[in-house]
$ cat data.cif   # mmCIF, C-alpha atoms and all ligand atoms
data_model
#
loop_
_atom_site.label_atom_id
_atom_site.label_comp_id
_atom_site.auth_asym_id
_atom_site.auth_seq_id
_atom_site.Cartn_x
_atom_site.Cartn_y
_atom_site.Cartn_z
CA MET A 1 -79.53 135.26 22.88
CA THR A 2 -83.28 134.86 22.41
CA THR A 3 -85.87 134.22 25.11
CA SER A 4 -89.53 133.51 24.36
CA SER A 5 -92.30 132.50 26.70
CA SER A 6 -95.82 131.10 26.63
CA SER A 7 -98.62 130.97 29.17
CA GLY A 8 -100.53 128.11 30.72
CA LYS A 9 -104.24 127.64 30.00
CA ILE A 10 -107.48 126.43 31.46
CA ILE A 11 -110.66 125.21 29.75
CA LEU A 12 -113.71 127.04 31.13
CA PHE A 13 -116.52 125.36 29.19
CA GLY A 14 -117.07 122.61 26.63
CA GLU A 15 -114.29 120.03 27.15
CA HIS A 16 -114.94 116.59 25.58
CA ALA A 17 -117.88 117.86 23.48
CA VAL A 18 -115.27 119.99 21.66
CA VAL A 19 -113.69 116.78 20.33
CA TYR A 20 -117.05 116.16 18.55
CA GLY A 21 -117.26 119.53 16.82
CA ARG A 22 -119.04 121.51 19.55
CA PRO A 23 -117.68 124.88 20.74
CA ALA A 24 -115.56 125.38 23.86
CA ILE A 25 -114.16 128.35 25.76
CA ALA A 26 -110.59 128.41 27.06
CA VAL A 27 -108.51 131.15 28.63
CA PRO A 28 -104.79 131.71 29.15
CA VAL A 29 -103.30 131.64 32.64
CA SER A 30 -100.80 134.36 31.92
CA HIS A 31 -98.98 134.50 35.23
CA LEU A 32 -97.86 130.88 34.86
CA ARG A 33 -95.30 130.69 32.08
CA ALA A 34 -92.89 128.41 30.28
CA SER A 35 -89.82 129.85 28.58
CA ALA A 36 -87.17 128.85 26.06
CA THR A 37 -83.80 130.62 25.84
CA ILE A 38 -81.48 130.00 22.91
CA THR A 39 -77.78 130.90 23.13
CA ALA A 40 -75.11 130.34 20.53
CA ALA A 41 -72.74 127.51 21.50
CA PRO A 42 -69.13 127.10 20.28
CA PRO A 43 -68.88 125.85 16.69
CA GLY A 44 -69.20 122.08 16.45
CA SER A 45 -71.04 121.70 19.77
CA ARG A 46 -74.35 121.02 17.96
CA CYS A 47 -77.75 121.45 19.52
CA THR A 48 -78.62 120.58 23.12
CA LEU A 49 -81.86 121.11 25.00
CA PHE A 50 -81.70 121.52 28.76
CA ALA A 51 -85.12 120.83 30.24
CA GLN A 52 -84.50 122.32 33.69
CA ASP A 53 -87.62 121.09 35.46
CA MET A 54 -87.36 117.56 34.18
CA GLY A 55 -83.62 117.40 34.83
CA GLU A 56 -83.18 116.26 31.25
CA GLU A 57 -80.39 117.05 28.78
CA ILE A 58 -81.33 116.17 25.23
CA HIS A 59 -78.77 116.06 22.43
CA LEU A 60 -80.81 116.62 19.30
CA ALA A 61 -78.67 114.34 17.13
CA ASP A 62 -79.13 111.40 19.55
CA ALA A 63 -82.81 111.92 20.45
CA PRO A 64 -85.23 109.31 19.10
CA PRO A 65 -87.78 110.53 16.51
CA ASP A 66 -90.61 110.30 19.05
CA HIS A 67 -88.96 112.33 21.81
CA PRO A 68 -91.61 115.05 22.38
CA LEU A 69 -89.28 118.04 22.78
CA ALA A 70 -86.87 116.90 20.06
CA LEU A 71 -89.84 116.44 17.75
CA VAL A 72 -91.07 119.99 18.36
CA LEU A 73 -87.56 121.34 17.89
CA ARG A 74 -87.16 119.49 14.57
CA LEU A 75 -90.53 120.82 13.36
CA ALA A 76 -89.53 124.37 14.34
CA LEU A 77 -86.11 124.15 12.67
CA ASP A 78 -87.79 122.86 9.53
CA GLU A 79 -90.31 125.73 9.61
CA ALA A 80 -87.38 128.17 9.97
CA ASN A 81 -85.65 126.55 6.96
CA ILE A 82 -82.67 125.55 9.11
CA ARG A 83 -81.50 122.36 7.44
CA THR A 84 -78.26 121.66 9.30
CA GLU A 85 -78.17 121.22 13.05
CA PRO A 86 -77.32 124.60 14.62
CA ASP A 87 -74.78 125.04 17.44
CA TRP A 88 -77.27 126.10 20.08
CA HIS A 89 -77.88 125.62 23.75
CA ILE A 90 -81.58 125.81 24.53
CA LEU A 91 -82.71 126.21 28.11
CA LEU A 92 -86.33 125.29 28.85
CA ALA A 93 -87.92 126.38 32.13
CA SER A 94 -91.49 126.34 33.37
CA GLN A 95 -93.56 127.56 36.31
CA ILE A 96 -96.56 125.57 35.09
CA PRO A 97 -97.27 122.45 37.16
CA ILE A 98 -96.69 119.37 34.98
CA ALA A 99 -99.55 117.00 34.03
CA SER A 100 -102.20 119.02 35.81
CA GLY A 101 -104.42 120.27 32.97
CA LEU A 102 -102.71 123.66 32.80
CA GLY A 103 -101.15 122.97 29.42
CA SER A 104 -97.54 122.73 30.57
CA GLY A 105 -96.46 120.53 27.65
CA ALA A 106 -98.10 122.71 25.01
CA ALA A 107 -96.72 125.86 26.67
CA ILE A 108 -93.12 124.55 26.67
CA SER A 109 -93.53 123.50 23.03
CA ALA A 110 -94.99 126.90 22.09
CA ALA A 111 -92.15 128.75 23.84
CA LEU A 112 -89.62 126.55 22.02
CA VAL A 113 -91.18 127.11 18.58
CA ARG A 114 -91.46 130.85 19.19
CA ALA A 115 -87.81 131.05 20.32
CA VAL A 116 -86.52 129.09 17.30
CA LEU A 117 -88.41 131.23 14.77
CA THR A 118 -87.43 134.46 16.51
CA HIS A 119 -83.77 133.43 16.83
CA ALA A 120 -83.77 132.60 13.12
CA GLY A 121 -85.02 136.13 12.42
CA GLN A 122 -88.40 134.92 11.18
CA PRO A 123 -91.90 136.02 12.14
CA ALA A 124 -93.56 133.79 14.74
CA PRO A 125 -97.30 134.26 14.15
CA PRO A 126 -99.68 132.52 16.61
CA ASP A 127 -101.25 130.39 13.87
CA THR A 128 -97.85 128.91 12.93
CA ILE A 129 -97.00 128.22 16.56
CA SER A 130 -100.41 126.65 17.10
CA ARG A 131 -100.05 124.43 14.03
CA LEU A 132 -96.62 123.09 15.02
CA VAL A 133 -97.57 122.52 18.65
CA TYR A 134 -100.67 120.68 17.45
CA ARG A 135 -98.48 118.28 15.44
CA SER A 136 -96.69 117.21 18.61
CA GLU A 137 -99.91 117.06 20.65
CA GLU A 138 -101.39 114.82 17.98
CA LEU A 139 -98.53 112.35 18.20
CA PHE A 140 -98.63 112.08 21.94
CA HIS A 141 -102.25 112.65 22.95
CA GLY A 142 -104.27 110.77 20.36
CA THR A 143 -106.98 112.93 18.79
CA PRO A 144 -106.75 116.36 20.45
CA SER A 145 -109.33 118.95 19.45
CA GLY A 146 -106.58 121.59 19.16
CA ILE A 147 -107.95 123.85 21.88
CA ASP A 148 -104.80 123.73 24.07
CA ASN A 149 -102.34 124.77 21.37
CA THR A 150 -104.78 127.42 20.11
CA VAL A 151 -105.34 129.23 23.41
CA ILE A 152 -101.65 128.99 24.33
CA ALA A 153 -100.39 130.24 20.95
CA HIS A 154 -102.83 133.18 20.92
CA GLU A 155 -102.72 133.84 24.67
CA ARG A 156 -106.19 135.31 24.91
CA PRO A 157 -109.66 134.00 25.71
CA VAL A 158 -110.84 131.89 22.77
CA TRP A 159 -114.11 130.60 21.42
CA PHE A 160 -112.93 127.42 19.77
CA VAL A 161 -114.53 125.05 17.28
CA LYS A 162 -112.33 122.22 15.98
CA GLY A 163 -110.96 122.87 12.50
CA ARG A 164 -112.04 126.53 12.44
CA PRO A 165 -110.02 129.68 13.16
CA PRO A 166 -110.44 130.69 16.82
CA GLN A 167 -112.68 133.64 17.54
CA PRO A 168 -112.01 136.33 20.11
CA PHE A 169 -114.93 137.22 22.35
CA ALA A 170 -115.78 140.03 24.71
CA VAL A 171 -115.38 139.74 28.47
CA GLY A 172 -117.95 142.21 29.85
CA ALA A 173 -116.50 142.31 33.36
CA PRO A 174 -113.41 140.63 34.82
CA PHE A 175 -114.04 137.53 36.93
CA THR A 176 -111.87 135.33 39.09
CA ILE A 177 -111.46 131.57 38.87
CA ALA A 178 -109.89 129.38 41.54
CA ILE A 179 -108.01 126.44 40.01
CA ALA A 180 -107.69 123.49 42.37
CA ASP A 181 -105.38 120.61 41.52
CA SER A 182 -107.00 117.40 42.74
CA GLY A 183 -103.56 115.75 42.78
CA ILE A 184 -105.10 112.81 40.93
CA VAL A 185 -103.24 111.94 37.75
CA SER A 186 -105.68 111.11 34.99
CA PRO A 187 -104.30 111.11 31.45
CA THR A 188 -106.58 113.02 29.08
CA LYS A 189 -105.94 110.35 26.45
CA GLU A 190 -107.73 107.78 28.66
CA THR A 191 -110.88 109.78 29.42
CA VAL A 192 -111.09 110.91 25.78
CA GLY A 193 -110.69 107.25 24.73
CA ASP A 194 -113.39 106.07 27.16
CA VAL A 195 -115.87 108.69 25.91
CA ARG A 196 -115.07 107.69 22.34
CA ARG A 197 -115.68 103.99 23.00
CA ALA A 198 -118.99 104.74 24.75
CA TRP A 199 -120.06 107.07 21.91
CA GLU A 200 -119.17 104.44 19.31
CA ALA A 201 -121.19 101.80 21.15
CA ASP A 202 -124.28 104.01 21.52
CA PRO A 203 -123.95 107.36 19.71
CA ALA A 204 -127.42 108.88 20.22
CA PRO A 205 -127.34 109.69 23.97
CA TYR A 206 -123.76 110.96 23.71
CA GLU A 207 -124.58 113.18 20.75
CA ALA A 208 -127.53 114.55 22.75
CA THR A 209 -125.28 115.33 25.72
CA PHE A 210 -122.65 116.97 23.48
CA SER A 211 -125.37 119.18 22.01
CA ARG A 212 -126.67 120.09 25.47
CA ILE A 213 -123.08 121.02 26.41
CA ALA A 214 -122.94 123.19 23.27
CA ASP A 215 -126.06 125.03 24.50
CA VAL A 216 -124.31 125.65 27.82
CA VAL A 217 -121.21 126.99 26.04
CA HIS A 218 -123.31 129.37 23.90
CA GLY A 219 -125.02 130.58 27.08
CA ALA A 220 -121.64 131.03 28.76
CA ARG A 221 -120.39 133.19 25.92
CA ARG A 222 -123.40 135.48 26.37
CA ALA A 223 -123.01 135.53 30.17
CA ILE A 224 -119.28 136.34 29.89
CA HIS A 225 -120.05 139.04 27.32
CA ASP A 226 -122.66 140.54 29.66
CA GLY A 227 -120.40 140.26 32.72
CA ASN A 228 -123.17 138.24 34.41
CA CYS A 229 -121.33 136.39 37.15
CA ALA A 230 -124.39 134.57 38.53
CA ALA A 231 -125.19 133.19 35.08
CA ILE A 232 -121.58 132.12 34.45
CA GLY A 233 -121.62 130.19 37.74
CA ALA A 234 -124.96 128.52 37.04
CA LEU A 235 -123.71 127.44 33.62
CA MET A 236 -120.54 125.99 35.16
CA ASN A 237 -122.75 123.86 37.41
CA LEU A 238 -124.85 122.75 34.44
CA ASN A 239 -121.74 121.91 32.39
CA GLN A 240 -120.48 119.83 35.33
CA SER A 241 -123.73 117.78 35.39
CA ARG A 242 -123.34 117.05 31.70
CA LEU A 243 -119.69 116.03 32.16
CA ALA A 244 -120.80 113.66 34.91
CA GLU A 245 -123.28 112.14 32.41
CA LEU A 246 -120.33 111.49 30.09
CA GLY A 247 -118.64 109.56 32.91
CA VAL A 248 -115.62 111.83 33.30
CA SER A 249 -116.26 113.10 36.81
CA SER A 250 -115.31 111.14 39.95
CA PRO A 251 -116.25 111.07 43.65
CA ALA A 252 -113.08 113.01 44.53
CA LEU A 253 -113.84 115.75 41.99
CA GLU A 254 -117.49 115.92 43.13
CA ARG A 255 -116.29 116.38 46.75
CA LEU A 256 -114.04 119.28 45.71
CA ILE A 257 -116.85 120.87 43.68
CA ALA A 258 -119.31 120.57 46.59
CA ALA A 259 -116.74 121.99 49.02
CA ALA A 260 -116.13 125.01 46.79
CA LYS A 261 -119.84 125.70 46.39
CA ASP A 262 -120.54 125.25 50.11
CA ALA A 263 -117.79 127.79 50.82
CA GLY A 264 -119.46 130.38 48.58
CA ALA A 265 -118.26 129.72 45.02
CA VAL A 266 -120.80 130.95 42.47
CA GLY A 267 -120.28 127.79 40.40
CA ALA A 268 -117.76 124.98 39.99
CA LYS A 269 -116.84 122.21 37.57
CA LEU A 270 -114.02 119.96 36.51
CA SER A 271 -111.75 121.35 33.80
CA GLY A 272 -110.02 119.37 31.05
CA GLY A 273 -110.02 115.61 30.69
CA GLY A 274 -111.59 114.86 34.09
CA ARG A 275 -111.53 111.98 36.66
CA GLY A 276 -108.56 113.89 38.11
CA GLY A 277 -106.69 117.03 37.20
CA ASN A 278 -108.32 120.35 38.01
CA VAL A 279 -111.54 121.64 39.44
CA ILE A 280 -112.33 125.30 38.73
CA ALA A 281 -114.58 127.51 40.84
CA LEU A 282 -115.94 130.98 40.16
CA VAL A 283 -115.25 133.18 43.20
CA ASP A 284 -115.64 136.80 44.21
CA GLU A 285 -113.50 138.88 46.55
CA ASP A 286 -115.55 137.83 49.58
CA SER A 287 -115.54 134.09 48.90
CA ALA A 288 -112.03 133.57 47.48
CA GLY A 289 -110.28 132.89 50.79
CA ALA A 290 -112.98 130.56 52.13
CA VAL A 291 -113.17 128.64 48.83
CA GLN A 292 -109.39 128.21 48.79
CA ALA A 293 -109.38 126.94 52.37
CA ALA A 294 -112.29 124.56 51.70
CA LEU A 295 -110.62 123.12 48.60
CA LEU A 296 -107.34 122.55 50.44
CA ALA A 297 -109.17 120.98 53.39
CA THR A 298 -110.94 118.62 50.95
CA GLY A 299 -107.67 117.35 49.52
CA ALA A 300 -106.66 119.79 46.78
CA LYS A 301 -102.87 119.83 46.41
CA ARG A 302 -102.72 123.45 45.26
CA VAL A 303 -105.16 126.29 44.62
CA LEU A 304 -104.26 129.07 42.20
CA PHE A 305 -106.31 132.07 41.18
CA THR A 306 -106.55 133.64 37.76
CA GLN A 307 -108.49 136.67 36.63
CA ILE A 308 -110.26 136.49 33.29
CA SER A 309 -110.49 139.81 31.52
CA GLN A 310 -110.51 141.31 28.07
CA THR A 311 -106.78 141.15 27.45
CA SER A 312 -107.14 142.86 24.10
CA SER A 313 -109.85 143.60 21.62
CA GLY A 314 -110.39 143.13 17.93
CA GLU A 315 -109.46 140.36 15.55
CA PHE A 316 -106.97 137.58 15.90
CA SER A 317 -103.88 138.22 13.89
CA GLY A 318 -102.48 135.36 11.87
O1 LIG B 1 -106.81 117.75 29.84
P1 LIG B 1 -106.71 119.03 29.09
O2 LIG B 1 -106.76 120.25 29.95
O3 LIG B 1 -105.58 119.04 28.10
O4 LIG B 1 -108.04 119.17 28.23
C1 LIG B 1 -108.53 118.17 27.41
C2 LIG B 1 -109.75 118.68 26.73
C3 LIG B 1 -110.56 117.62 26.00
O5 LIG B 1 -111.68 118.28 25.43
C4 LIG B 1 -111.06 116.56 26.95
C5 LIG B 1 -109.73 116.95 24.91
C6 LIG B 1 -109.43 117.85 23.71
O6 LIG B 1 -108.56 117.46 22.92
O7 LIG B 1 -110.06 118.90 23.54
#
$ encode --input "data.cif" --output "structure tokens"
Amino acid sequence: MTTSSSSGKIILFGEHAVVYGRPAIAVPVSHLRASATITAAPPGSRCTLFAQDMGEEIHLADAPPDHPLALVLRLALDEANIRTEPDWHILLASQIPIASGLGSGAAISAALVRAVLTHAGQPAPPDTISRLVYRSEELFHGTPSGIDNTVIAHERPVWFVKGRPPQPFAVGAPFTIAIADSGIVSPTKETVGDVRRAWEADPAPYEATFSRIADVVHGARRAIHDGNCAAIGALMNLNQSRLAELGVSSPALERLIAAAKDAGAVGAKLSGGGRGGNVIALVDEDSAGAVQAALLATGAKRVLFTQISQTSSGEFSG
């Protein structure tokens, strides 16, 4: 039996501009995890995926080519040089809320790839996992920058520029982020598509905003490195203004952001695709409870906390 797991994620700075080659910062949410467990099944039973949370049972042989989980499994089997369908039962489970910007799909895919490679007795380096998860993200989410699969595969804070290897960066002092689910479903594909259409129609102002977001992200890296909480919060607020210029905020998200700040958050912004999904707020020990209460009172469906810290130092391994 083999069990592998992967974390959720959250984008701290730079969403949308990252699609246009600017840097972004994302962090794992390690206490929310997805797992894949492979057990040998009796000979001839072939390969079945049990996706517990979705109540789905997928027989690999019968799954259409574009079934997301079957696709990831086929890619992983191919990578592991397994050419005939194995007799496996694969149980998928996840604590990560679905479709809420916490990377649940990428985390389940990453856990599945890691479990297949490990069960096959092969190394499962983060870069390989990231590459395979990206292939599935690409098919189902249009033109992803690759930030989700990268942060989830490496499970550490990443400085990400599309098409380049991710860079680790220093976290000078731990800080705490409240993650509030607006409860509004807003597919990332749609907001990314809207920004793209607007950029195509009139590139100059959008390019200027993307570059101003890049300045914010560079500032955030320095502030995180220095452990300067006030600066991190101010930069979150600035990033939010720029995201609003791109047209990906919404009145409901602005209400949540204002509520968090009024309750003492150092800074707040949307995270991910926008118009729905999550709002994140930088809190300290004194404000955490009040910010959580304010977000819930303003309509958030759920508020989670995650601490960002230097999980490990040094280089990324391949
Ligand atoms: O909605 P999320 O959390 O998967 O984030 C999307 C981030 C974007 O920058 C908007 C798109 C991308 O592919 O990077």
$ closest_atom_pairs --input "data.cif" --of "chain A" --to "ligand LIG 1 (chain B)" --cutoff "10 Å" --atoms "all atoms listed in the file" --output "JSON lines"
{"residue": "A:Lys9", "atom": "CA", "partner": "B:LIG1", "partner_atom": "O2", "distance": 7.8}
{"residue": "A:Ile10", "atom": "CA", "partner": "B:LIG1", "partner_atom": "O2", "distance": 6.4}
{"residue": "A:Ile11", "atom": "CA", "partner": "B:LIG1", "partner_atom": "O2", "distance": 6.3}
{"residue": "A:Leu12", "atom": "CA", "partner": "B:LIG1", "partner_atom": "O2", "distance": 9.8}
{"residue": "A:Phe13", "atom": "CA", "partner": "B:LIG1", "partner_atom": "O5", "distance": 9.4}
{"residue": "A:Gly14", "atom": "CA", "partner": "B:LIG1", "partner_atom": "O5", "distance": 7.0}
{"residue": "A:Glu15", "atom": "CA", "partner": "B:LIG1", "partner_atom": "O5", "distance": 3.6}
{"residue": "A:His16", "atom": "CA", "partner": "B:LIG1", "partner_atom": "O5", "distance": 3.7}
{"residue": "A:Ala17", "atom": "CA", "partner": "B:LIG1", "partner_atom": "O5", "distance": 6.5}
{"residue": "A:Val18", "atom": "CA", "partner": "B:LIG1", "partner_atom": "O5", "distance": 5.5}
{"residue": "A:Val19", "atom": "CA", "partner": "B:LIG1", "partner_atom": "O7", "distance": 5.3}
{"residue": "A:Tyr20", "atom": "CA", "partner": "B:LIG1", "partner_atom": "O5", "distance": 9.0}
{"residue": "A:Gly21", "atom": "CA", "partner": "B:LIG1", "partner_atom": "O7", "distance": 9.9}
{"residue": "A:Arg22", "atom": "CA", "partner": "B:LIG1", "partner_atom": "O5", "distance": 10.0}
{"residue": "A:Ala24", "atom": "CA", "partner": "B:LIG1", "partner_atom": "O5", "distance": 8.2}
{"residue": "A:Ala26", "atom": "CA", "partner": "B:LIG1", "partner_atom": "O2", "distance": 9.5}
{"residue": "A:Ala99", "atom": "CA", "partner": "B:LIG1", "partner_atom": "O1", "distance": 8.4}
{"residue": "A:Ser100", "atom": "CA", "partner": "B:LIG1", "partner_atom": "O2", "distance": 7.5}
{"residue": "A:Gly101", "atom": "CA", "partner": "B:LIG1", "partner_atom": "O2", "distance": 3.8}
{"residue": "A:Leu102", "atom": "CA", "partner": "B:LIG1", "partner_atom": "O2", "distance": 6.0}
{"residue": "A:Gly103", "atom": "CA", "partner": "B:LIG1", "partner_atom": "O3", "distance": 6.1}
{"residue": "A:Ser104", "atom": "CA", "partner": "B:LIG1", "partner_atom": "O3", "distance": 9.2}
{"residue": "A:Gly105", "atom": "CA", "partner": "B:LIG1", "partner_atom": "O3", "distance": 9.3}
{"residue": "A:Ala106", "atom": "CA", "partner": "B:LIG1", "partner_atom": "O3", "distance": 8.9}
{"residue": "A:Glu137", "atom": "CA", "partner": "B:LIG1", "partner_atom": "O6", "distance": 9.0}
{"residue": "A:Glu138", "atom": "CA", "partner": "B:LIG1", "partner_atom": "O6", "distance": 9.1}
{"residue": "A:His141", "atom": "CA", "partner": "B:LIG1", "partner_atom": "O6", "distance": 7.9}
{"residue": "A:Gly142", "atom": "CA", "partner": "B:LIG1", "partner_atom": "O6", "distance": 8.3}
{"residue": "A:Thr143", "atom": "CA", "partner": "B:LIG1", "partner_atom": "O6", "distance": 6.3}
{"residue": "A:Pro144", "atom": "CA", "partner": "B:LIG1", "partner_atom": "O6", "distance": 3.3}
{"residue": "A:Ser145", "atom": "CA", "partner": "B:LIG1", "partner_atom": "O6", "distance": 3.9}
{"residue": "A:Gly146", "atom": "CA", "partner": "B:LIG1", "partner_atom": "O6", "distance": 5.9}
{"residue": "A:Ile147", "atom": "CA", "partner": "B:LIG1", "partner_atom": "O7", "distance": 5.6}
{"residue": "A:Asp148", "atom": "CA", "partner": "B:LIG1", "partner_atom": "O3", "distance": 6.2}
{"residue": "A:Asn149", "atom": "CA", "partner": "B:LIG1", "partner_atom": "O3", "distance": 9.4}
{"residue": "A:Phe160", "atom": "CA", "partner": "B:LIG1", "partner_atom": "O7", "distance": 9.7}
{"residue": "A:Val161", "atom": "CA", "partner": "B:LIG1", "partner_atom": "O7", "distance": 9.8}
{"residue": "A:Lys162", "atom": "CA", "partner": "B:LIG1", "partner_atom": "O7", "distance": 8.6}
{"residue": "A:Ser186", "atom": "CA", "partner": "B:LIG1", "partner_atom": "O1", "distance": 8.5}
{"residue": "A:Pro187", "atom": "CA", "partner": "B:LIG1", "partner_atom": "O1", "distance": 7.3}
{"residue": "A:Thr188", "atom": "CA", "partner": "B:LIG1", "partner_atom": "O1", "distance": 4.8}
{"residue": "A:Lys189", "atom": "CA", "partner": "B:LIG1", "partner_atom": "C5", "distance": 7.8}
{"residue": "A:Glu190", "atom": "CA", "partner": "B:LIG1", "partner_atom": "C4", "distance": 9.5}
{"residue": "A:Thr191", "atom": "CA", "partner": "B:LIG1", "partner_atom": "C4", "distance": 7.2}
{"residue": "A:Val192", "atom": "CA", "partner": "B:LIG1", "partner_atom": "C4", "distance": 5.8}
{"residue": "A:Gly193", "atom": "CA", "partner": "B:LIG1", "partner_atom": "C4", "distance": 9.6}
{"residue": "A:Val195", "atom": "CA", "partner": "B:LIG1", "partner_atom": "C4", "distance": 9.3}
{"residue": "A:Val248", "atom": "CA", "partner": "B:LIG1", "partner_atom": "C4", "distance": 9.1}
{"residue": "A:Leu270", "atom": "CA", "partner": "B:LIG1", "partner_atom": "O2", "distance": 9.8}
{"residue": "A:Ser271", "atom": "CA", "partner": "B:LIG1", "partner_atom": "O2", "distance": 6.4}
{"residue": "A:Gly272", "atom": "CA", "partner": "B:LIG1", "partner_atom": "O4", "distance": 3.5}
{"residue": "A:Gly273", "atom": "CA", "partner": "B:LIG1", "partner_atom": "O1", "distance": 4.0}
{"residue": "A:Gly274", "atom": "CA", "partner": "B:LIG1", "partner_atom": "O1", "distance": 7.0}
{"residue": "A:Gly276", "atom": "CA", "partner": "B:LIG1", "partner_atom": "O1", "distance": 9.3}
{"residue": "A:Gly277", "atom": "CA", "partner": "B:LIG1", "partner_atom": "O1", "distance": 7.4}
{"residue": "A:Asn278", "atom": "CA", "partner": "B:LIG1", "partner_atom": "O2", "distance": 8.2}
$ atom_distance --input "data.cif" --atom1 "atom CA of A:Leu91" --atom2 "atom CA of A:Val151"
23.3 Å
$ atom_distance --input "data.cif" --atom1 "atom CA of A:Ser45" --atom2 "atom CA of A:Ser5"
24.8 Å
$ atom_distance --input "data.cif" --atom1 "atom CA of A:Asp284" --atom2 "atom CA of A:Ala180"
15.6 Å
$ residues_near_point --input "data.cif" --point "(-85.3, 129.5, 25.3)" --cutoff "12 Å" --atoms "all atoms listed in the file" --output "ChimeraX atom specification"
/A:1-6,34-40,48-52,73,88-94,108-119
$ write_last_selection --input "data.cif" --atoms "C-alpha atoms" --output "PDB file, in the frame of the given file"
ATOM      1  CA  MET A   1     -79.530 135.260  22.880  1.00  0.00           C
ATOM      2  CA  THR A   2     -83.280 134.860  22.410  1.00  0.00           C
ATOM      3  CA  THR A   3     -85.870 134.220  25.110  1.00  0.00           C
ATOM      4  CA  SER A   4     -89.530 133.510  24.360  1.00  0.00           C
ATOM      5  CA  SER A   5     -92.300 132.500  26.700  1.00  0.00           C
ATOM      6  CA  SER A   6     -95.820 131.100  26.630  1.00  0.00           C
ATOM      7  CA  ALA A  34     -92.890 128.410  30.280  1.00  0.00           C
ATOM      8  CA  SER A  35     -89.820 129.850  28.580  1.00  0.00           C
ATOM      9  CA  ALA A  36     -87.170 128.850  26.060  1.00  0.00           C
ATOM     10  CA  THR A  37     -83.800 130.620  25.840  1.00  0.00           C
ATOM     11  CA  ILE A  38     -81.480 130.000  22.910  1.00  0.00           C
ATOM     12  CA  THR A  39     -77.780 130.900  23.130  1.00  0.00           C
ATOM     13  CA  ALA A  40     -75.110 130.340  20.530  1.00  0.00           C
ATOM     14  CA  THR A  48     -78.620 120.580  23.120  1.00  0.00           C
ATOM     15  CA  LEU A  49     -81.860 121.110  25.000  1.00  0.00           C
ATOM     16  CA  PHE A  50     -81.700 121.520  28.760  1.00  0.00           C
ATOM     17  CA  ALA A  51     -85.120 120.830  30.240  1.00  0.00           C
ATOM     18  CA  GLN A  52     -84.500 122.320  33.690  1.00  0.00           C
ATOM     19  CA  LEU A  73     -87.560 121.340  17.890  1.00  0.00           C
ATOM     20  CA  TRP A  88     -77.270 126.100  20.080  1.00  0.00           C
ATOM     21  CA  HIS A  89     -77.880 125.620  23.750  1.00  0.00           C
ATOM     22  CA  ILE A  90     -81.580 125.810  24.530  1.00  0.00           C
ATOM     23  CA  LEU A  91     -82.710 126.210  28.110  1.00  0.00           C
ATOM     24  CA  LEU A  92     -86.330 125.290  28.850  1.00  0.00           C
ATOM     25  CA  ALA A  93     -87.920 126.380  32.130  1.00  0.00           C
ATOM     26  CA  SER A  94     -91.490 126.340  33.370  1.00  0.00           C
ATOM     27  CA  ILE A 108     -93.120 124.550  26.670  1.00  0.00           C
ATOM     28  CA  SER A 109     -93.530 123.500  23.030  1.00  0.00           C
ATOM     29  CA  ALA A 110     -94.990 126.900  22.090  1.00  0.00           C
ATOM     30  CA  ALA A 111     -92.150 128.750  23.840  1.00  0.00           C
ATOM     31  CA  LEU A 112     -89.620 126.550  22.020  1.00  0.00           C
ATOM     32  CA  VAL A 113     -91.180 127.110  18.580  1.00  0.00           C
ATOM     33  CA  ARG A 114     -91.460 130.850  19.190  1.00  0.00           C
ATOM     34  CA  ALA A 115     -87.810 131.050  20.320  1.00  0.00           C
ATOM     35  CA  VAL A 116     -86.520 129.090  17.300  1.00  0.00           C
ATOM     36  CA  LEU A 117     -88.410 131.230  14.770  1.00  0.00           C
ATOM     37  CA  THR A 118     -87.430 134.460  16.510  1.00  0.00           C
ATOM     38  CA  HIS A 119     -83.770 133.430  16.830  1.00  0.00           C
TER      39      HIS A 119
END
$ closest_residue --input "data.cif" --among "A:Val72, A:Leu296, A:Arg46, A:Pro166" --to "A:Thr84" --atoms "all atoms listed in the file"
A:Arg46
$ residues_near_point --input "data.cif" --point "(-123.1, 129.7, 30.7)" --cutoff "6 Å" --atoms "all atoms listed in the file" --output "tab-separated table (two decimals) with C-alpha atoms, keeping the file's coordinate frame"
chain	number	residue	atom	x	y	z
A	216	VAL	CA	-124.31	125.65	27.82
A	217	VAL	CA	-121.21	126.99	26.04
A	219	GLY	CA	-125.02	130.58	27.08
A	220	ALA	CA	-121.64	131.03	28.76
A	223	ALA	CA	-123.01	135.53	30.17
A	231	ALA	CA	-125.19	133.19	35.08
A	232	ILE	CA	-121.58	132.12	34.45
A	235	LEU	CA	-123.71	127.44	33.62
$ residues_around --input "data.cif" --residues "stretch 253-267 of chain A" --least-positions-apart "2" --cutoff "8 Å" --atoms "only C-alpha atoms" --output "VMD selection string"
chain A and resid 182 229 to 230 232 to 237 249 to 251 269 to 270 275 to 276 279 281 to 284 287 to 288 290 to 292 294 to 295 298 to 300
$ axis_aligned_box --input "data.cif" --around "stretch 279-283 of chain A" --padding-each-side "6 Å" --output "AutoDock Vina command-line options"
--center_x -113.7 --center_y 127.4 --center_z 41.0 --size_x 16.4 --size_y 23.5 --size_z 16.5
$ closest_residue --input "data.cif" --among "A:Pro165, A:Pro23, A:Pro174, A:Pro43" --to "A:Glu285" --atoms "all atoms listed in the file"
A:Pro174
$ residues_around --input "data.cif" --residues "A:Ala173" --least-positions-apart "6" --cutoff "10 Å" --atoms "all atoms listed in the file" --output "PyMOL selection string"
chain A and resi 223-229+308-310
$ closest_residue --input "data.cif" --among "A:Ala208, A:Ile58, A:Ala80, A:Ala178" --to "A:Val303" --atoms "only C-alpha atoms"
A:Ala178
